[in-house]
Amino acid sequence: MTKKKNSKTGAIWYLLPYFSLYGLFFFLPAILIFPISLTDWNIVGSPKFVGIENYINVFSDRMFLRSLQNTVTYTLVVTLILTTISLGLAILLNQKLRGVIISRTIVIMPYVISSAVTGILWKWMFDRNFGILNTYIQQIGFQPISWLSNPNIALWSIILVNVWWSVGFNTITFLAALQGIPEDLPQAAKVDGANPFQIFWHVTLPQLRPIILYLVVLCAANSFQMFDEAFVITQGGPLGSTATLVFQIYKEAFMNFRIGYSSAWSVITMLMILIITAIQLRINKDGL
């Protein structure tokens with residue numbers, strides 16, 4: 001009994017640094033953010049209580065509507081593209097083909113790079129005058145593209161970056177799920193005369209529904225909080241075309257020093273993420 005008790009005590013001491021930092025930088029801010037959102041505070045001095053004024057100002061802020069539109073567009077497109085491409089790659093990499101192990105390694109490699117480094121790398125590649133993408137585009141006879149300075153293209157450029165960076169994680173997750181499907185299920189369907197598409201639609205896809213739910217919810221939640229790419233690559237420009245909700249929260253808090261206002265923005269964003277996640281879970285629960 002004493003040995004078991006000492007083992008539990010040792011585990012608590014090992015976990016204490018992690019939970020202390022997690023509580024300091026996550027739980028404590030999460031608890032304090034709502035009361036701060038009811039104040040007018042610029043870091044220095046004492047907060048001044050203003051009630052729901054910050055929330056009223058957020059919903060009447062033109063940049064809130066613009067960043068919300070950008071965030072929703074980004075989230076929908078990234079979630080759809082990532083889920084589709086990742087599933088297709090996973091099916092391909094699940095085949096018994098030559099070089100499949102190397103191919104799996106290549107697919108997952110971008111994900112081991114930090115998002116900040118990824119942003120810097122692609123910012124150089126997107127450069128209109130010296131970027132590698134425009135270099136090849138000019139070599140085949142086309143005019144260079146303003147990847148980051150054109151308001152109609154900039155957000156799609158960031159979407160491309162995120163898909164390139166994230167597709168490996170989703171693919172490996174789908175691949176693990178595919179390899180967990182009992183082999184006798186597709187074989188039995190094949191014996192019954194089902195073609196490859198019917199086997200995928202009626203056998204493979206139903207087995208993957210829990211993983212699809214997990215990845216869709218995870219991808220949507222992460223995309224709704226997109227910050228690194230917008231900060232590193234475009235700083236929210238041009239003309240606010242890549243400004244997202246989280247980027248604007250950062251801008252209001254640490255560039256404009258409107259802590260109370262940015263806290264209200266954060267509370268609204270958090271509630272939207274919770275609502276979207278709850279809707280997704282309900283829809284998928286009804287469909288399973």
# chains A, B, ... in the order shown; residues from 1 in each chain; ligands from 1
$ residues_around --residues "Leu92 of chain A" --least-positions-apart "5" --cutoff "12 Å" --atoms "only C-alpha atoms" --output "list of chain:residue names"
A:Ile85, A:Ser86, A:Leu87, A:Leu97, A:Arg98, A:Gly99, A:Val100, A:Ile101, A:Ser103, A:Arg104, A:Val107, A:Thr171, A:Ile172, A:Phe174, A:Leu175, A:Leu178
$ write_last_selection --atoms "C-alpha atoms" --output "mmCIF file, in the first residue's frame"
data_model
loop_
_atom_site.group_PDB
_atom_site.id
_atom_site.type_symbol
_atom_site.label_atom_id
_atom_site.label_comp_id
_atom_site.auth_asym_id
_atom_site.auth_seq_id
_atom_site.Cartn_x
_atom_site.Cartn_y
_atom_site.Cartn_z
ATOM 1 C CA ILE A 85 -7.560 15.452 -49.979
ATOM 2 C CA SER A 86 -6.448 13.688 -46.799
ATOM 3 C CA LEU A 87 -8.932 10.861 -47.299
ATOM 4 C CA LEU A 97 2.608 -0.108 -53.904
ATOM 5 C CA ARG A 98 6.349 0.286 -54.326
ATOM 6 C CA GLY A 99 7.758 3.255 -52.405
ATOM 7 C CA VAL A 100 4.667 3.684 -50.234
ATOM 8 C CA ILE A 101 6.757 4.012 -47.033
ATOM 9 C CA SER A 103 5.580 8.497 -49.759
ATOM 10 C CA ARG A 104 4.069 8.398 -46.272
ATOM 11 C CA VAL A 107 3.373 13.506 -46.769
ATOM 12 C CA THR A 171 -3.726 11.751 -43.898
ATOM 13 C CA ILE A 172 -1.878 9.703 -41.285
ATOM 14 C CA PHE A 174 -7.152 8.480 -41.905
ATOM 15 C CA LEU A 175 -4.491 5.918 -42.813
ATOM 16 C CA LEU A 178 -8.227 2.509 -42.765
#
$ residues_around --residues "segment 52-57 of chain A" --least-positions-apart "3" --cutoff "9 Å" --atoms "only C-alpha atoms" --output "JSON, numbers by chain"
{"A": [37, 38, 39, 40, 60, 61, 260, 261, 262, 263, 264, 265, 268]}
$ write_last_selection --atoms "C-alpha atoms" --output "compact mmCIF listing (two decimals), in the first residue's frame"
# COMPACT_ATOMS: atom_id res chain seq x y z
CA SER A 37 -14.41 42.22 -21.12
CA LEU A 38 -16.81 44.37 -19.10
CA THR A 39 -14.17 47.04 -18.51
CA ASP A 40 -12.35 49.80 -20.35
CA SER A 60 -20.87 47.48 -34.76
CA ASP A 61 -17.19 47.30 -35.71
CA GLY A 260 -11.25 45.16 -22.37
CA TYR A 261 -12.41 45.47 -25.96
CA SER A 262 -10.21 42.60 -27.18
CA SER A 263 -11.46 40.46 -24.27
CA ALA A 264 -15.05 41.00 -25.40
CA TRP A 265 -13.97 40.01 -28.90
CA ILE A 268 -17.61 36.23 -28.67
$ closest_residue --among "A:Ile181, A:Ala230, A:Val44, A:Ile12" --to "Leu148 of chain A" --atoms "only C-alpha atoms"
A:Ala230
$ closest_atom_pairs --of "segment 45-97 of chain A" --to "segment 243-250 of chain A" --cutoff "12 Å" --atoms "only C-alpha atoms" --output "Markdown table"
| residue | atom | partner | partner_atom | distance |
| --- | --- | --- | --- | --- |
| A:Val58 | CA | A:Ile249 | CA | 10.8 |
| A:Asp61 | CA | A:Gln248 | CA | 11.2 |
| A:Arg62 | CA | A:Gln248 | CA | 11.6 |
| A:Met63 | CA | A:Gln248 | CA | 8.0 |
| A:Phe64 | CA | A:Leu245 | CA | 7.1 |
| A:Leu65 | CA | A:Leu245 | CA | 9.2 |
| A:Arg66 | CA | A:Ala243 | CA | 7.6 |
| A:Ser67 | CA | A:Thr244 | CA | 4.5 |
| A:Leu68 | CA | A:Leu245 | CA | 6.0 |
| A:Gln69 | CA | A:Thr244 | CA | 8.3 |
| A:Asn70 | CA | A:Thr244 | CA | 6.0 |
| A:Thr71 | CA | A:Thr244 | CA | 5.2 |
| A:Val72 | CA | A:Thr244 | CA | 8.9 |
| A:Thr73 | CA | A:Thr244 | CA | 10.1 |
| A:Tyr74 | CA | A:Thr244 | CA | 8.9 |
| A:Thr75 | CA | A:Thr244 | CA | 10.4 |
$ write_last_selection --atoms "C-alpha atoms" --output "PDB file, in the first residue's frame"
ATOM      1  CA  VAL A  58     -17.660  44.771 -31.327  1.00  0.00           C
ATOM      2  CA  ASP A  61     -17.188  47.303 -35.712  1.00  0.00           C
ATOM      3  CA  ARG A  62     -16.688  46.998 -39.487  1.00  0.00           C
ATOM      4  CA  MET A  63     -13.495  44.989 -38.984  1.00  0.00           C
ATOM      5  CA  PHE A  64     -15.350  42.456 -36.847  1.00  0.00           C
ATOM      6  CA  LEU A  65     -17.724  41.694 -39.716  1.00  0.00           C
ATOM      7  CA  ARG A  66     -14.827  41.602 -42.202  1.00  0.00           C
ATOM      8  CA  SER A  67     -12.678  39.323 -40.052  1.00  0.00           C
ATOM      9  CA  LEU A  68     -15.696  37.095 -39.309  1.00  0.00           C
ATOM     10  CA  GLN A  69     -16.331  36.706 -43.036  1.00  0.00           C
ATOM     11  CA  ASN A  70     -12.661  35.894 -43.659  1.00  0.00           C
ATOM     12  CA  THR A  71     -12.589  33.395 -40.804  1.00  0.00           C
ATOM     13  CA  VAL A  72     -15.765  31.599 -41.874  1.00  0.00           C
ATOM     14  CA  THR A  73     -14.590  31.408 -45.499  1.00  0.00           C
ATOM     15  CA  TYR A  74     -11.172  30.153 -44.427  1.00  0.00           C
ATOM     16  CA  THR A  75     -12.680  27.566 -42.059  1.00  0.00           C
TER      17      THR A  75
END
$ residues_around --residues "Ile145 of chain A" --least-positions-apart "5" --cutoff "10 Å" --atoms "only C-alpha atoms" --output "list in words"
Phe126, Asp127, Arg128, Asn129, Leu133, Asn134, Ile137, Gln138, Asn150 and Ile153 of chain A
$ atom_distance --atom1 "atom CA of Phe169 of chain A" --atom2 "atom CA of Val112 of chain A"
9.4 Å
$ closest_residue --among "A:Ser115, A:Asn195, A:Thr83, A:Thr9" --to "Val232 of chain A" --atoms "only C-alpha atoms"
A:Ser115
$ closest_residue --among "A:Trp165, A:Trp147, A:Phe142, A:Tyr214" --to "Ala177 of chain A" --atoms "only C-alpha atoms"
A:Tyr214
$ residues_around --residues "Cys219 of chain A" --least-positions-apart "3" --cutoff "8 Å" --atoms "only C-alpha atoms" --output "list of chain:residue names"
A:Thr75, A:Val78, A:Thr79, A:Leu215, A:Val216, A:Asn222, A:Ser223
$ select_by_dssp --residues "segment 141-267 of chain A" --states "alpha helix (DSSP H)" --output "ChimeraX atom specification"
/A:154-179,184-191,196-199,205-224,228-229,245-254,259-267
$ closest_residue --among "A:Ile108, A:Leu271, A:Ile276, A:Ile233" --to "Trp122 of chain A" --atoms "only C-alpha atoms"
A:Ile233
$ atom_distance --atom1 "atom CA of Gly119 of chain A" --atom2 "atom CA of Glu229 of chain A"
5.5 Å
$ select_by_dssp --residues "segment 33-226 of chain A" --states "strand (DSSP E)" --output "MDAnalysis selection string"
chainID A and resid 39:42 44:49
$ write_last_selection --atoms "N, CA and C atoms" --output "PDB file, in the first residue's frame"
ATOM      1  N   THR A  39     -14.890  45.842 -18.964  1.00  0.00           N
ATOM      2  CA  THR A  39     -14.175  47.045 -18.514  1.00  0.00           C
ATOM      3  C   THR A  39     -13.518  47.765 -19.684  1.00  0.00           C
ATOM      4  N   ASP A  40     -13.170  49.015 -19.423  1.00  0.00           N
ATOM      5  CA  ASP A  40     -12.347  49.798 -20.347  1.00  0.00           C
ATOM      6  C   ASP A  40     -10.963  49.864 -19.720  1.00  0.00           C
ATOM      7  N   TRP A  41     -10.000  49.135 -20.333  1.00  0.00           N
ATOM      8  CA  TRP A  41      -8.680  48.998 -19.701  1.00  0.00           C
ATOM      9  C   TRP A  41      -7.611  48.943 -20.782  1.00  0.00           C
ATOM     10  N   ASN A  42      -6.558  49.719 -20.604  1.00  0.00           N
ATOM     11  CA  ASN A  42      -5.455  49.740 -21.573  1.00  0.00           C
ATOM     12  C   ASN A  42      -4.144  49.270 -20.943  1.00  0.00           C
ATOM     13  N   VAL A  44      -2.336  49.741 -18.387  1.00  0.00           N
ATOM     14  CA  VAL A  44      -1.917  50.596 -17.280  1.00  0.00           C
ATOM     15  C   VAL A  44      -3.147  51.193 -16.609  1.00  0.00           C
ATOM     16  N   GLY A  45      -3.008  51.511 -15.327  1.00  0.00           N
ATOM     17  CA  GLY A  45      -4.118  52.101 -14.596  1.00  0.00           C
ATOM     18  C   GLY A  45      -5.135  51.057 -14.166  1.00  0.00           C
ATOM     19  N   SER A  46      -6.215  51.510 -13.597  1.00  0.00           N
ATOM     20  CA  SER A  46      -7.258  50.619 -13.096  1.00  0.00           C
ATOM     21  C   SER A  46      -8.347  50.444 -14.150  1.00  0.00           C
ATOM     22  N   PRO A  47      -8.874  49.224 -14.281  1.00  0.00           N
ATOM     23  CA  PRO A  47      -9.963  48.996 -15.228  1.00  0.00           C
ATOM     24  C   PRO A  47     -11.213  49.793 -14.835  1.00  0.00           C
ATOM     25  N   LYS A  48     -11.905  50.321 -15.818  1.00  0.00           N
ATOM     26  CA  LYS A  48     -13.135  51.075 -15.592  1.00  0.00           C
ATOM     27  C   LYS A  48     -14.316  50.240 -16.103  1.00  0.00           C
ATOM     28  N   PHE A  49     -15.257  49.968 -15.230  1.00  0.00           N
ATOM     29  CA  PHE A  49     -16.399  49.129 -15.588  1.00  0.00           C
ATOM     30  C   PHE A  49     -17.296  49.864 -16.587  1.00  0.00           C
TER      31      PHE A  49
END
$ closest_residue --among "A:Gly168, A:Ala278, A:Leu80, A:Gly180" --to "Ile212 of chain A" --atoms "only C-alpha atoms"
A:Leu80
$ closest_residue --among "A:Leu21, A:Ala220, A:Met255, A:Ile31" --to "Thr277 of chain A" --atoms "only C-alpha atoms"
A:Ala220
